[in-house]
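Shown below: run32.pdb, with PDB, C-alpha atoms.
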ATOM      1  CA  MET A   1     -59.799 114.993-170.842
ATOM      2  CA  GLY A   2     -62.086 112.558-169.263
ATOM      3  CA  LEU A   3     -61.110 109.902-171.777
ATOM      4  CA  ARG A   4     -57.465 110.184-170.937
ATOM      5  CA  GLU A   5     -58.116 109.839-167.248
ATOM      6  CA  ASP A   6     -60.192 106.720-167.906
ATOM      7  CA  LYS A   7     -57.372 105.232-169.993
ATOM      8  CA  VAL A   8     -54.799 106.067-167.352
ATOM      9  CA  GLY A   9     -56.934 104.484-164.682
ATOM     10  CA  THR A  10     -57.360 101.282-166.672
ATOM     11  CA  LEU A  11     -53.642 101.214-167.463
ATOM     12  CA  GLU A  12     -52.798 101.581-163.779
ATOM     13  CA  ASP A  13     -55.247  98.825-162.915
ATOM     14  CA  ALA A  14     -53.700  96.538-165.569
ATOM     15  CA  ALA A  15     -50.208  97.334-164.245
ATOM     16  CA  ALA A  16     -51.279  96.548-160.673
ATOM     17  CA  LYS A  17     -52.821  93.217-161.785
ATOM     18  CA  ARG A  18     -49.673  92.359-163.730
ATOM     19  CA  LYS A  19     -47.525  93.211-160.710
ATOM     20  CA  ALA A  20     -49.666  90.965-158.478
ATOM     21  CA  ARG A  21     -49.398  88.056-160.975
ATOM     22  CA  LEU A  22     -45.626  88.401-161.158
ATOM     23  CA  GLN A  23     -45.362  88.439-157.365
ATOM     24  CA  GLU A  24     -47.528  85.316-157.186
ATOM     25  CA  LEU A  25     -45.327  83.547-159.760
ATOM     26  CA  LYS A  26     -42.189  84.480-157.807
ATOM     27  CA  ASN A  27     -43.721  83.091-154.625
ATOM     28  CA  ARG A  28     -44.644  79.831-156.347
ATOM     29  CA  LYS A  29     -41.134  79.529-157.752
ATOM     30  CA  ARG A  30     -39.618  80.110-154.303
ATOM     31  CA  ASN A  31     -41.909  77.489-152.781
ATOM     32  CA  ILE A  32     -40.932  74.952-155.434
ATOM     33  CA  GLN A  33     -37.228  75.687-154.926
ATOM     34  CA  ASP A  34     -37.594  75.383-151.157
ATOM     35  CA  GLU A  35     -39.296  72.022-151.524
ATOM     36  CA  THR A  36     -36.609  70.693-153.859
ATOM     37  CA  GLU A  37     -33.894  71.951-151.500
ATOM     38  CA  LYS A  38     -35.573  70.198-148.610
ATOM     39  CA  LYS A  39     -35.753  66.971-150.611
ATOM     40  CA  SER A  40     -32.163  67.227-151.811
ATOM     41  CA  GLY A  41     -31.006  68.188-148.298
ATOM     42  CA  ALA A  42     -32.637  65.059-146.942
ATOM     43  CA  ASN A  43     -30.906  62.997-149.640
ATOM     44  CA  GLU A  44     -27.549  64.569-148.835
ATOM     45  CA  GLU A  45     -27.909  63.690-145.184
ATOM     46  CA  ASP A  46     -28.574  60.058-146.092
ATOM     47  CA  LEU A  47     -25.434  59.749-148.238
ATOM     48  CA  PRO A  48     -22.135  58.977-146.515
ATOM     49  CA  THR A  49     -19.343  61.486-146.898
ATOM     50  CA  PRO A  50     -16.743  60.475-149.485
ATOM     51  CA  GLN A  51     -13.467  59.181-148.123
ATOM     52  CA  VAL A  52     -10.298  60.544-149.698
ATOM     53  CA  LEU A  53      -7.739  57.879-150.574
ATOM     54  CA  PHE A  54      -4.085  58.650-151.315
ATOM     55  CA  ARG A  55      -2.023  56.200-153.338
ATOM     56  CA  ASN A  56       1.161  58.217-154.012
ATOM     57  CA  TYR A  57       0.688  61.281-151.809
ATOM     58  CA  ARG A  58       1.729  61.373-148.160
ATOM     59  CA  PRO A  59      -0.356  64.037-146.376
ATOM     60  CA  GLU A  60       1.138  65.955-143.459
ATOM     61  CA  SER A  61      -2.167  66.143-141.629
ATOM     62  CA  GLU A  62      -2.984  63.294-139.261
ATOM     63  CA  VAL A  63      -6.656  63.492-140.212
ATOM     64  CA  LEU A  64      -5.847  62.724-143.847
ATOM     65  CA  ALA A  65      -3.230  60.109-142.941
ATOM     66  CA  GLU A  66      -6.050  57.582-142.484
ATOM     67  CA  GLY A  67      -6.702  57.631-146.246
ATOM     68  CA  VAL A  68      -3.181  56.577-147.270
ATOM     69  CA  LEU A  69      -3.098  53.284-149.178
ATOM     70  CA  GLU A  70      -0.321  50.736-148.967
ATOM     71  CA  PRO A  71       2.121  50.966-151.877
ATOM     72  CA  ALA A  72       1.317  48.519-154.647
ATOM     73  CA  LYS A  73       3.620  45.540-154.929
ATOM     74  CA  PRO A  74       4.619  44.474-158.454
ATOM     75  CA  ALA A  75       3.413  41.120-159.699
ATOM     76  CA  ASP A  76       5.748  38.193-160.304
ATOM     77  CA  VAL A  77       6.784  38.985-163.865
ATOM     78  CA  GLU A  78       9.395  36.244-164.128
ATOM     79  CA  GLN A  79       6.789  33.511-163.886
ATOM     80  CA  MET A  80       4.608  35.152-166.550
ATOM     81  CA  VAL A  81       7.574  35.508-168.921
ATOM     82  CA  THR A  82       8.630  31.873-168.507
ATOM     83  CA  GLU A  83       5.061  30.720-169.239
ATOM     84  CA  GLN A  84       4.906  32.814-172.398
ATOM     85  CA  VAL A  85       8.305  31.570-173.580
ATOM     86  CA  THR A  86       7.301  27.922-173.108
ATOM     87  CA  GLU A  87       4.029  28.505-174.995
ATOM     88  CA  ALA A  88       5.915  30.173-177.842
ATOM     89  CA  THR A  89       8.414  27.321-178.181
ATOM     90  CA  GLU A  90       5.590  24.760-178.208
ATOM     91  CA  SER A  91       3.773  26.622-180.968
ATOM     92  CA  VAL A  92       6.967  26.924-183.041
ATOM     93  CA  SER A  93       7.582  23.193-182.794
ATOM     94  CA  ALA A  94       3.986  22.525-183.867
ATOM     95  CA  LEU A  95       4.436  24.769-186.910
ATOM     96  CA  GLN A  96       7.663  22.980-187.884
ATOM     97  CA  GLN A  97       5.858  19.626-187.852
ATOM     98  CA  VAL A  98       3.384  20.734-190.549
ATOM     99  CA  GLU A  99       4.815  20.512-194.073
ATOM    100  CA  LEU A 100       4.090  23.402-196.367
ATOM    101  CA  SER A 101       3.819  21.146-199.407
ATOM    102  CA  SER A 102       0.772  19.424-197.911
ATOM    103  CA  LEU A 103      -0.962  22.778-197.404
ATOM    104  CA  ALA A 104      -0.215  24.263-200.819
ATOM    105  CA  PRO A 105      -2.420  23.390-203.821
ATOM    106  CA  LYS A 106      -1.086  21.113-206.531
ATOM    107  CA  LYS A 107      -0.890  23.914-209.067
ATOM    108  CA  VAL A 108       0.264  27.333-208.025
ATOM    109  CA  THR A 109      -2.376  29.102-210.116
ATOM    110  CA  PHE A 110      -5.284  26.880-209.067
ATOM    111  CA  ASP A 111      -6.878  29.474-206.766
ATOM    112  CA  LEU A 112      -6.272  32.249-209.265
ATOM    113  CA  LYS A 113      -7.850  30.280-212.101
ATOM    114  CA  ARG A 114     -10.920  29.465-210.003
ATOM    115  CA  ALA A 115     -11.380  33.094-208.957
ATOM    116  CA  ILE A 116     -11.103  34.481-212.489
ATOM    117  CA  GLU A 117     -12.994  31.737-214.329
ATOM    118  CA  SER A 118     -16.382  33.493-214.355
ATOM    119  CA  ARG A 119     -14.848  36.727-215.644
ATOM    120  CA  LEU A 120     -13.015  34.864-218.376
ATOM    121  CA  GLU A 121     -16.253  33.229-219.553
ATOM    122  CA  LYS A 122     -17.882  36.646-219.932
ATOM    123  CA  LEU A 123     -14.866  37.947-221.853
ATOM    124  CA  GLU A 124     -14.825  34.921-224.143
ATOM    125  CA  ARG A 125     -18.498  35.462-225.022
ATOM    126  CA  ALA A 126     -17.854  39.129-225.762
ATOM    127  CA  THR A 127     -14.821  38.221-227.880
ATOM    128  CA  ASP A 128     -16.827  35.673-229.899
ATOM    129  CA  ARG A 129     -19.529  38.289-230.560
ATOM    130  CA  ALA A 130     -16.943  40.841-231.687
ATOM    131  CA  ILE A 131     -15.271  38.341-234.060
ATOM    132  CA  ALA A 132     -18.631  37.376-235.549
ATOM    133  CA  GLU A 133     -19.470  41.064-236.088
ATOM    134  CA  LEU A 134     -16.137  41.674-237.843
ATOM    135  CA  ILE A 135     -16.733  38.694-240.147
ATOM    136  CA  ARG A 136     -20.213  39.994-240.999
ATOM    137  CA  GLU A 137     -18.786  43.432-241.836
ATOM    138  CA  ARG A 138     -16.136  41.907-244.125
ATOM    139  CA  LEU A 139     -18.785  39.851-245.931
ATOM    140  CA  ARG A 140     -20.923  42.979-246.417
ATOM    141  CA  ASP A 141     -17.934  44.923-247.729
ATOM    142  CA  GLU A 142     -17.043  42.101-250.135
ATOM    143  CA  ALA A 143     -20.652  41.903-251.335
ATOM    144  CA  VAL A 144     -20.696  45.654-251.961
ATOM    145  CA  ARG A 145     -17.323  45.451-253.740
ATOM    146  CA  GLY A 146     -18.528  42.454-255.740
ATOM    147  CA  GLN A 147     -21.572  44.402-256.892
ATOM    148  CA  GLN A 148     -19.360  47.353-257.790
ATOM    149  CA  ASP A 149     -16.985  45.035-259.683
ATOM    150  CA  LEU A 150     -19.953  43.555-261.527
ATOM    151  CA  VAL A 151     -21.218  47.016-262.394
ATOM    152  CA  ALA A 152     -17.722  48.050-263.507
ATOM    153  CA  ALA A 153     -17.373  44.891-265.618
ATOM    154  CA  VAL A 154     -20.773  45.487-267.238
ATOM    155  CA  ASN A 155     -19.863  49.103-267.931
ATOM    156  CA  ALA A 156     -16.490  48.082-269.360
ATOM    157  CA  GLY A 157     -18.150  45.472-271.520
ATOM    158  CA  ALA A 158     -20.704  48.009-272.692
ATOM    159  CA  THR A 159     -18.031  50.513-273.614
ATOM    160  CA  VAL A 160     -16.055  47.837-275.454
ATOM    161  CA  HIS A 161     -19.195  46.703-277.191
ATOM    162  CA  ALA A 162     -20.099  50.279-278.057
ATOM    163  CA  ALA A 163     -16.612  50.938-279.378
ATOM    164  CA  HIS A 164     -16.759  47.776-281.421
ATOM    165  CA  ASP A 165     -20.132  48.826-282.843
ATOM    166  CA  ASP A 166     -18.732  52.226-283.760
ATOM    167  CA  ASP A 167     -15.859  50.595-285.628
ATOM    168  CA  ASP A 168     -18.240  48.585-287.779
TER     169      ASP A 168
END

Using structure tokens, write down the structure that the file contains.
Amino acid sequence: MGLREDKVGTLEDAAAKRKARLQELKNRKRNIQDETEKKSGANEEDLPTPQVLFRNYRPESEVLAEGVLEPAKPADVEQMVTEQVTEATESVSALQQVELSSLAPKKVTFDLKRAIESRLEKLERATDRAIAELIRERLRDEAVRGQQDLVAAVNAGATVHAAHDDDD
């Protein structure tokens, strides 16, 4: 039983120490928060209070009536429109003075031909290779057929010669 009492005593001591540490941490946290509040409170006192401005709203209170702005007056749109119209007519007249025939290339397909020229060269090389390969295959086939024809002719001659020998 003595062991249990010793364990209970040490557990109570550990709990009391833990409780004291937690209390100390809470106090530190409160001190830090108080300091930050004091600093932020000092900053708030330095800042001016925001003034409320009303553009479209007419407040009933006289205190808020100070923040009412004068209604905005529209700009002179007629002058802006006339300037834009004159600029547009000047640019149209400048475009009419330039002839399209002087801007266009001599041949209609000139740009197209220049853009595709490199691709066409590659295709022409590939086409030449393919044609050469086909010619080589035909020559091989003819050589094989020629050898077969020669063999057939020799065999035919041998059979004729053998038949002629048999007749004698």

_On this structure, the PyMOL selection byres ((chain A and resi 53) around 6) would catch which residues? List them as a ChimeraX atom specification, sorted by chain and number._
/A:52,54,67-68

_Can you tell me which residues surround Asn56 in chain A at a distance of at most 10 Å, considering all atoms listed in the file, apart from same-chain residues fewer than 3 positions away, and format the answer as a list in words?_
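What passes the distance filter is Leu53, Pro59, Val68, Leu69, Glu70, Pro71 and Ala72 of chain A.
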
Test item: axis-aligned box, all listed atoms of range 20-34 of chain A, 3 Å on each side, centre and edges in Å rounded to one decimal, as lines of an AutoDock Vina configuration file:
center_x = -43.4
center_y = 83.0
center_z = -156.2
size_x = 18.4
size_y = 22.0
size_z = 16.0

*Which distance in Å separates CA of Lys73 in chain A and CA of Arg55 in chain A, to one decimal?*
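According to the coordinates, CA of Lys73 in chain A and CA of Arg55 in chain A are separated by 12.2 Å.
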
Missing atoms in range 17-34 of chain A: can you complete it with N, CA, C and O atoms, as a short mmCIF file (atom, residue, chain, number, x, y, z; two decimals), in the frame of the given file?
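Result file rebuild09.cif:
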data_model
loop_
_atom_site.label_atom_id
_atom_site.label_comp_id
_atom_site.auth_asym_id
_atom_site.auth_seq_id
_atom_site.Cartn_x
_atom_site.Cartn_y
_atom_site.Cartn_z
N LYS A 17 -52.49 94.65 -161.64
CA LYS A 17 -52.82 93.22 -161.78
C LYS A 17 -51.59 92.43 -162.25
O LYS A 17 -51.32 91.33 -161.77
N ARG A 18 -50.87 93.01 -163.21
CA ARG A 18 -49.67 92.36 -163.73
C ARG A 18 -48.63 92.20 -162.63
O ARG A 18 -47.99 91.16 -162.50
N LYS A 19 -48.47 93.24 -161.81
CA LYS A 19 -47.52 93.21 -160.71
C LYS A 19 -47.91 92.12 -159.71
O LYS A 19 -47.05 91.38 -159.20
N ALA A 20 -49.19 91.98 -159.41
CA ALA A 20 -49.67 90.96 -158.48
C ALA A 20 -49.41 89.56 -159.04
O ALA A 20 -48.99 88.65 -158.31
N ARG A 21 -49.65 89.37 -160.35
CA ARG A 21 -49.40 88.06 -160.98
C ARG A 21 -47.93 87.70 -160.92
O ARG A 21 -47.55 86.56 -160.63
N LEU A 22 -47.06 88.66 -161.21
CA LEU A 22 -45.63 88.40 -161.16
C LEU A 22 -45.18 88.04 -159.74
O LEU A 22 -44.36 87.13 -159.56
N GLN A 23 -45.70 88.74 -158.76
CA GLN A 23 -45.36 88.44 -157.36
C GLN A 23 -45.81 87.03 -157.00
O GLN A 23 -45.10 86.29 -156.32
N GLU A 24 -47.01 86.66 -157.46
CA GLU A 24 -47.53 85.32 -157.19
C GLU A 24 -46.65 84.26 -157.84
O GLU A 24 -46.34 83.22 -157.24
N LEU A 25 -46.22 84.50 -159.07
CA LEU A 25 -45.33 83.55 -159.76
C LEU A 25 -44.00 83.41 -159.03
O LEU A 25 -43.45 82.31 -158.91
N LYS A 26 -43.44 84.52 -158.56
CA LYS A 26 -42.19 84.48 -157.81
C LYS A 26 -42.35 83.66 -156.54
O LYS A 26 -41.48 82.86 -156.18
N ASN A 27 -43.46 83.84 -155.86
CA ASN A 27 -43.72 83.09 -154.62
C ASN A 27 -43.83 81.59 -154.92
O ASN A 27 -43.31 80.76 -154.16
N ARG A 28 -44.52 81.25 -155.97
CA ARG A 28 -44.64 79.83 -156.35
C ARG A 28 -43.27 79.24 -156.64
O ARG A 28 -42.94 78.13 -156.21
N LYS A 29 -42.46 80.01 -157.38
CA LYS A 29 -41.13 79.53 -157.75
C LYS A 29 -40.28 79.32 -156.50
O LYS A 29 -39.57 78.33 -156.38
N ARG A 30 -40.36 80.24 -155.56
CA ARG A 30 -39.62 80.11 -154.30
C ARG A 30 -40.08 78.88 -153.53
O ARG A 30 -39.26 78.15 -152.96
N ASN A 31 -41.38 78.65 -153.49
CA ASN A 31 -41.91 77.49 -152.78
C ASN A 31 -41.41 76.20 -153.40
O ASN A 31 -41.05 75.25 -152.71
N ILE A 32 -41.40 76.15 -154.72
CA ILE A 32 -40.93 74.95 -155.43
C ILE A 32 -39.45 74.74 -155.16
O ILE A 32 -39.00 73.62 -154.90
N GLN A 33 -38.66 75.81 -155.19
CA GLN A 33 -37.23 75.69 -154.93
C GLN A 33 -36.98 75.25 -153.49
O GLN A 33 -36.11 74.42 -153.22
N ASP A 34 -37.75 75.77 -152.55
CA ASP A 34 -37.59 75.38 -151.16
C ASP A 34 -37.89 73.90 -150.97
O ASP A 34 -37.19 73.20 -150.24
#
